[in-house]
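One file, structure-v8.txt, carrying compact mmCIF, C-alpha atoms:
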```txt
# COMPACT_ATOMS: atom_id res chain seq x y z
CA MET A 7 170.78 177.77 125.16
CA LYS A 8 167.50 175.88 125.33
CA ILE A 9 166.57 173.90 122.22
CA LEU A 10 163.31 172.23 121.23
CA VAL A 11 163.45 169.64 118.45
CA CYS A 12 160.07 168.93 116.87
CA ILE A 13 159.85 165.37 115.63
CA SER A 14 157.29 163.45 113.58
CA ASN A 15 156.44 159.78 113.95
CA VAL A 16 156.48 158.48 110.36
CA PRO A 17 156.32 155.07 108.63
CA ASP A 18 159.63 153.50 107.72
CA THR A 19 160.19 153.91 103.99
CA THR A 20 160.30 150.12 103.53
CA SER A 21 156.77 149.73 104.91
CA LYS A 22 153.97 148.49 102.69
CA ILE A 23 151.29 151.16 102.61
CA ASN A 24 147.58 150.32 102.65
CA PHE A 25 144.35 152.15 103.41
CA THR A 26 141.08 151.15 105.07
CA ASP A 27 137.48 152.39 105.31
CA GLY A 28 137.12 153.02 101.60
CA ASP A 29 140.65 154.45 101.28
CA THR A 30 139.90 157.20 103.81
CA LYS A 31 142.21 156.05 106.62
CA PHE A 32 145.84 154.94 106.75
CA ASP A 33 146.24 151.31 107.82
CA THR A 34 148.95 151.11 110.48
CA THR A 35 148.82 147.30 110.73
CA GLY A 36 152.34 145.89 110.51
CA VAL A 37 153.91 149.30 109.86
CA GLN A 38 157.19 150.18 111.60
CA PHE A 39 157.36 153.83 112.68
CA VAL A 40 160.56 155.88 113.01
CA ILE A 41 161.74 159.43 113.67
CA ASN A 42 161.19 161.50 110.54
CA PRO A 43 164.61 161.58 108.79
CA ASN A 44 164.66 165.38 108.37
CA ASP A 45 163.91 165.71 112.08
CA GLU A 46 166.67 163.25 112.94
CA PHE A 47 169.24 165.47 111.24
CA GLY A 48 167.98 168.33 113.41
CA LEU A 49 168.10 166.24 116.57
CA THR A 50 171.68 165.23 115.84
CA ARG A 51 172.67 168.89 115.34
CA ALA A 52 170.97 169.78 118.61
CA MET A 53 172.98 167.07 120.34
CA TRP A 54 176.16 168.68 118.96
CA PHE A 55 175.14 171.97 120.60
CA LYS A 56 174.53 170.06 123.83
CA GLU A 57 177.93 168.40 123.75
CA LYS A 58 179.95 171.44 122.59
CA GLN A 59 178.05 174.36 124.13
CA GLY A 60 176.13 172.87 127.04
CA ALA A 61 172.69 173.37 125.50
CA THR A 62 169.58 171.77 126.97
CA VAL A 63 167.68 169.69 124.40
CA HIS A 64 164.00 168.79 124.58
CA VAL A 65 161.93 166.99 121.94
CA ALA A 66 158.22 167.42 121.23
CA THR A 67 155.63 165.81 119.04
CA VAL A 68 151.88 165.80 118.54
CA GLY A 69 150.41 162.31 118.72
CA ASP A 70 148.65 159.64 120.74
CA ALA A 71 150.33 157.07 122.98
CA SER A 72 151.48 155.04 119.96
CA VAL A 73 154.26 157.61 119.27
CA GLU A 74 155.96 157.12 122.64
CA PRO A 75 158.48 154.49 121.42
CA THR A 76 159.73 157.08 118.92
CA MET A 77 159.97 159.66 121.70
CA ARG A 78 161.91 157.17 123.83
CA LYS A 79 164.36 156.68 120.98
CA ALA A 80 164.95 160.44 120.88
CA LEU A 81 165.60 160.37 124.64
CA ALA A 82 167.98 157.43 124.16
CA ILE A 83 169.88 159.41 121.54
CA GLY A 84 170.49 162.05 124.20
CA ALA A 85 167.57 164.47 124.50
CA ASP A 86 167.02 165.60 128.10
CA GLU A 87 163.22 165.62 128.14
CA ALA A 88 160.29 164.78 125.86
CA ILE A 89 156.86 166.39 125.48
CA ARG A 90 153.91 164.70 123.81
CA VAL A 91 150.85 166.74 122.95
CA ASN A 92 147.99 164.27 123.30
CA ALA A 93 146.26 164.78 119.95
CA VAL A 94 146.10 163.12 116.54
CA PRO A 95 148.22 165.15 114.05
CA THR A 96 145.73 165.27 111.17
CA ASP A 97 146.49 168.81 110.00
CA GLY A 98 149.71 170.82 109.68
CA PHE A 99 148.21 174.09 110.93
CA PHE A 100 146.77 172.35 113.99
CA VAL A 101 150.15 170.72 114.72
CA ALA A 102 151.94 174.07 114.46
CA GLN A 103 149.47 175.63 116.89
CA GLN A 104 150.11 172.89 119.44
CA LEU A 105 153.89 173.14 119.09
CA ALA A 106 153.71 176.93 119.39
CA GLU A 107 152.09 176.51 122.78
CA VAL A 108 154.89 174.15 123.85
CA VAL A 109 157.50 176.71 122.76
CA LYS A 110 155.75 179.55 124.60
CA ASN A 111 155.53 177.54 127.81
CA GLY A 112 159.11 176.28 127.56
CA GLY A 113 160.94 179.50 126.75
CA TYR A 114 163.10 177.97 124.01
CA ASP A 115 165.80 179.92 122.18
CA LEU A 116 166.06 177.61 119.18
CA VAL A 117 163.38 175.41 117.61
CA ILE A 118 164.52 172.80 115.07
CA GLY A 119 162.16 170.77 112.92
CA GLY A 120 162.47 168.95 109.63
CA ARG A 121 161.62 170.94 106.52
CA GLU A 122 158.89 168.34 105.89
CA SER A 123 157.81 164.89 107.03
CA ILE A 124 158.24 161.97 104.65
CA ASP A 125 154.65 160.77 105.01
CA TYR A 126 152.50 163.76 103.99
CA ASN A 127 155.33 165.98 102.69
CA GLY A 128 153.35 169.08 103.64
CA GLY A 129 156.41 171.20 104.39
CA MET A 130 154.29 173.71 106.30
CA VAL A 131 154.77 173.23 110.03
CA PRO A 132 158.14 175.03 110.59
CA GLY A 133 157.07 178.13 108.66
CA ILE A 134 153.66 178.37 110.33
CA LEU A 135 155.30 177.80 113.72
CA ALA A 136 157.75 180.67 113.16
CA SER A 137 154.88 182.94 112.11
CA LEU A 138 152.77 182.07 115.16
CA LEU A 139 155.75 182.72 117.45
CA ASP A 140 157.01 185.80 115.56
CA MET A 141 160.49 184.24 115.42
CA ASN A 142 163.17 184.40 112.74
CA PHE A 143 162.95 181.47 110.32
CA VAL A 144 165.41 179.61 108.10
CA ASN A 145 164.06 176.78 105.94
CA THR A 146 165.90 174.03 103.98
CA CYS A 147 168.80 174.58 106.37
CA ILE A 148 171.97 172.54 105.74
CA LYS A 149 174.40 174.27 108.12
CA LEU A 150 173.90 175.99 111.46
CA GLU A 151 176.43 177.75 113.68
CA ILE A 152 175.57 179.72 116.82
CA GLU A 153 177.72 182.04 118.93
CA GLY A 154 175.80 183.72 121.73
CA ASP A 155 172.62 185.05 120.10
CA ASN A 156 174.26 185.34 116.67
CA VAL A 157 173.44 182.69 114.08
CA THR A 158 175.02 181.83 110.74
CA ALA A 159 172.94 179.47 108.62
CA VAL A 160 173.30 178.03 105.14
CA ARG A 161 170.24 176.91 103.22
CA GLU A 162 169.61 175.31 99.86
CA ILE A 163 168.05 177.45 97.15
CA ASP A 164 167.33 176.75 93.49
CA GLY A 165 170.68 176.33 91.80
CA GLY A 166 172.87 176.84 94.84
CA LYS A 167 173.26 177.72 98.50
CA GLU A 168 172.58 180.88 100.49
CA THR A 169 174.42 181.99 103.64
CA LEU A 170 172.36 183.99 106.12
CA SER A 171 173.08 185.89 109.31
CA THR A 172 170.29 186.08 111.87
CA SER A 173 169.75 185.88 115.62
CA LEU A 174 167.96 183.92 118.32
CA PRO A 175 165.16 183.17 118.94
CA LEU A 176 164.99 181.16 115.73
CA VAL A 177 162.97 178.41 114.04
CA VAL A 178 164.87 176.15 111.64
CA GLY A 179 163.51 173.77 109.01
CA GLY A 180 166.38 171.33 108.67
CA GLN A 181 167.20 168.59 106.19
CA LYS A 182 169.95 166.26 105.02
CA GLY A 183 173.23 168.17 105.20
CA LEU A 184 172.57 169.77 108.58
CA VAL A 185 174.80 166.92 109.73
CA GLU A 186 176.40 164.13 107.75
CA GLU A 187 174.52 160.85 107.58
CA SER A 188 177.53 159.17 109.17
CA ASP A 189 177.05 161.43 112.23
CA LEU A 190 173.49 160.26 112.94
CA LYS A 191 173.36 158.71 116.39
CA ILE A 192 172.20 155.16 117.09
CA PRO A 193 170.99 154.60 120.67
CA ASN A 194 173.34 152.37 122.67
CA MET A 195 172.38 150.26 125.67
CA ARG A 196 173.43 152.95 128.14
CA GLY A 197 171.33 155.53 126.33
CA ILE A 198 168.32 153.20 126.25
CA MET A 199 168.58 152.53 129.98
CA MET A 200 168.97 156.24 130.80
CA ALA A 201 165.97 157.09 128.60
CA ARG A 202 163.74 155.12 130.96
CA GLN A 203 164.56 157.60 133.72
CA LYS A 204 163.99 160.76 131.67
CA LYS A 205 160.75 162.71 131.65
CA LEU A 206 158.16 162.06 128.98
CA ASN A 207 155.55 164.70 129.70
CA VAL A 208 152.06 164.37 128.26
CA VAL A 209 150.12 167.62 127.83
CA GLU A 210 146.60 168.12 126.58
CA PRO A 211 146.13 170.09 123.34
CA VAL A 212 144.98 173.67 123.30
CA GLU A 213 142.00 174.64 121.21
CA GLY A 214 143.15 174.90 117.62
CA VAL A 215 141.93 175.18 114.07
CA LYS A 216 142.11 172.22 111.69
CA ALA A 217 142.37 173.90 108.31
CA THR A 218 142.40 170.75 106.16
CA GLU A 219 140.78 167.34 106.13
CA ASP A 220 141.83 164.12 104.40
CA VAL A 221 139.03 163.01 102.10
CA LYS A 222 140.55 160.02 100.33
CA PHE A 223 143.91 158.38 99.64
CA ASP A 224 144.95 156.98 96.26
CA LYS A 225 147.93 154.74 95.59
CA PRO A 226 150.14 155.49 92.58
CA ALA A 227 149.06 153.71 89.43
CA PRO A 228 150.83 150.35 88.98
CA LYS A 229 153.74 150.33 86.58
CA GLY A 230 152.94 149.17 83.08
CA GLU A 231 154.44 146.19 81.34
CA ILE A 232 158.02 146.41 80.13
CA LYS A 233 159.70 145.13 77.03
CA LEU A 234 163.18 143.66 77.09
CA VAL A 235 165.33 144.40 74.06
CA GLU A 236 168.54 142.74 72.97
CA THR A 237 169.98 145.26 70.53
CA VAL A 238 170.34 149.01 70.26
CA ASP A 239 168.60 148.97 66.87
CA GLU A 240 165.55 147.32 68.43
CA LEU A 241 165.50 149.91 71.22
CA VAL A 242 165.71 152.80 68.76
CA SER A 243 162.89 151.29 66.69
CA LEU A 244 160.61 151.00 69.74
CA LEU A 245 161.38 154.54 70.90
CA HIS A 246 160.67 155.85 67.41
CA ASN A 247 157.63 153.80 66.36
CA GLU A 248 155.86 152.97 69.64
CA ALA A 249 156.89 155.47 72.29
CA LYS A 250 157.29 158.19 69.63
CA VAL A 251 159.83 160.07 71.72
CA ILE A 252 162.48 160.31 69.01
```

Let me see the structure of the file written as structure tokens.
Amino acid sequence: MKILVCISNVPDTTSKINFTDGDTKFDTTGVQFVINPNDEFGLTRAMWFKEKQGATVHVATVGDASVEPTMRKALAIGADEAIRVNAVPTDGFFVAQQLAEVVKNGGYDLVIGGRESIDYNGGMVPGILASLLDMNFVNTCIKLEIEGDNVTAVREIDGGKETLSTSLPLVVGGQKGLVEESDLKIPNMRGIMMARQKKLNVVEPVEGVKATEDVKFDKPAPKGEIKLVETVDELVSLLHNEAKVI
């Protein structure tokens, strides 16, 4: 089985976010970038298939040279090869088009991506990718088992879980639950050293359509002042007379 894990290079959630050029561009100064958490769950599951079933695991992303440390981390975790499409990922549809070309050229049986990235939260790339490739698709996936070409997947739905039977080739939008957080792999020294010898292929983008454009970014409004109360009676009075919620 040949697996491609699509990963995004996203700011660490502890980073302080700022914008430049009249709030039209994201300021990367001092920002630590990491593998998108939803993608990391997928990468860890792919590594399980490598260890238990002998799968080959590649990782791919769309980005400039600044994303290569994140790609090297994926290689250090255990991926066999990395592919970077040399383009700025400004639009989800454009990203899906580039990844679709990688999948077509690589002949992958299973494509795993996160259900969404934690920066833009678009949640569109896996679904568009499956449509472009005419592959089966399971989103919000929290469990994945494969025997031959037969796949059993569990996904979250409103109010519960749904178990599905499908087949390869398949695109999966994974999330927390695909593996346990305790199973996430941290690169060790041996993995880091081996990653230096693994291929990180850079390919030029194909012609694609950018369907959206960022016009301006706005930060959330600052939190208002708070009042500290010492008694329940005082709290009830404020909720009744000022907040008017009771």

Leaving out Asn145 of chain A and any residue of its chain fewer than 3 positions from it, which residues lie within 7 Å of it when counting only C-alpha atoms, given as a PDB file with C-alpha atoms, in the coordinates of the input?
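Wrote around_6.pdb, looks like this:
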```pdb
ATOM      1  CA  ARG A 121     161.620 170.940 106.520  1.00  0.00           C
ATOM      2  CA  ARG A 161     170.240 176.910 103.220  1.00  0.00           C
ATOM      3  CA  VAL A 178     164.870 176.150 111.640  1.00  0.00           C
ATOM      4  CA  GLY A 179     163.510 173.770 109.010  1.00  0.00           C
ATOM      5  CA  GLY A 180     166.380 171.330 108.670  1.00  0.00           C
TER       6      GLY A 180
END
```

Å distance separating atom CA of Tyr114 of chain A from atom CA of Asn127 of chain A, one decimal place
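So the answer is 25.7 Å.
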
Ranking A:Val177, A:Ala82, A:Val235, A:Leu206 by minimum distance to Leu150 of chain A and counting all atoms listed in the file, which one comes first?
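Using all atoms listed in the file, Leu150 of chain A sits closest to A:Val177.
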
Which one of A:Trp54, A:Phe39, A:Tyr126, A:Phe100 sits closest to Pro75 of chain A if you count only C-alpha atoms?
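Distance minimum relative to Pro75 of chain A lands on A:Phe39.
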
Can you tell me which residues surround Gly69 of chain A at a distance of at most 9 Å, considering only C-alpha atoms, apart from same-chain residues fewer than 4 positions away, and format the answer as a compact mmCIF listing (two decimals) with C-alpha atoms, in the frame of the given file?
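Everything below was put into selection.txt:
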```txt
# COMPACT_ATOMS: atom_id res chain seq x y z
CA SER A 14 157.29 163.45 113.58
CA ASN A 15 156.44 159.78 113.95
CA VAL A 73 154.26 157.61 119.27
CA GLU A 74 155.96 157.12 122.64
CA ARG A 90 153.91 164.70 123.81
CA VAL A 91 150.85 166.74 122.95
CA ASN A 92 147.99 164.27 123.30
CA ALA A 93 146.26 164.78 119.95
CA VAL A 94 146.10 163.12 116.54
CA PRO A 95 148.22 165.15 114.05
```

Kindly give the distance, in Å, that separates atom CA of Cys147 of chain A and atom CA of Glu187 of chain A, rounded to a single decimal.
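Those two atoms sit 14.9 Å apart.
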
Skip Glu46 of chain A itself and residues of its chain fewer than 3 positions away, then list as a tab-separated table (two decimals) with C-alpha atoms, keeping the file's coordinate frame all residues within 9 Å of it, counting all atoms listed in the file.
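around-v6.tsv, freshly written:
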```tsv
chain	number	residue	atom	x	y	z
A	13	ILE	CA	159.85	165.37	115.63
A	41	ILE	CA	161.74	159.43	113.67
A	42	ASN	CA	161.19	161.50	110.54
A	43	PRO	CA	164.61	161.58	108.79
A	49	LEU	CA	168.10	166.24	116.57
A	50	THR	CA	171.68	165.23	115.84
A	51	ARG	CA	172.67	168.89	115.34
A	80	ALA	CA	164.95	160.44	120.88
A	119	GLY	CA	162.16	170.77	112.92
A	120	GLY	CA	162.47	168.95	109.63
A	181	GLN	CA	167.20	168.59	106.19
A	190	LEU	CA	173.49	160.26	112.94
A	191	LYS	CA	173.36	158.71	116.39
```

Given all atoms listed in the file as the counted atoms, nearest of A:Asn247, A:Gln203, A:Thr237, A:Ser173 to Asn142 of chain A:
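Closest residue, counting all atoms listed in the file: A:Ser173.
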
Using only C-alpha atoms, list the residues that have an atom at most 8 Å from (174.3, 179.6, 106.5), coordinates as in the file, as a short mmCIF file (atom, residue, chain, number, x, y, z; two decimals) with C-alpha atoms, in the coordinates of the input.
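Saved result, result-v9.cif, follows:
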```cif
data_model
loop_
_atom_site.label_atom_id
_atom_site.label_comp_id
_atom_site.auth_asym_id
_atom_site.auth_seq_id
_atom_site.Cartn_x
_atom_site.Cartn_y
_atom_site.Cartn_z
CA CYS A 147 168.80 174.58 106.37
CA ILE A 148 171.97 172.54 105.74
CA LYS A 149 174.40 174.27 108.12
CA LEU A 150 173.90 175.99 111.46
CA GLU A 151 176.43 177.75 113.68
CA THR A 158 175.02 181.83 110.74
CA ALA A 159 172.94 179.47 108.62
CA VAL A 160 173.30 178.03 105.14
CA ARG A 161 170.24 176.91 103.22
CA GLU A 168 172.58 180.88 100.49
CA THR A 169 174.42 181.99 103.64
CA LEU A 170 172.36 183.99 106.12
CA SER A 171 173.08 185.89 109.31
#
```
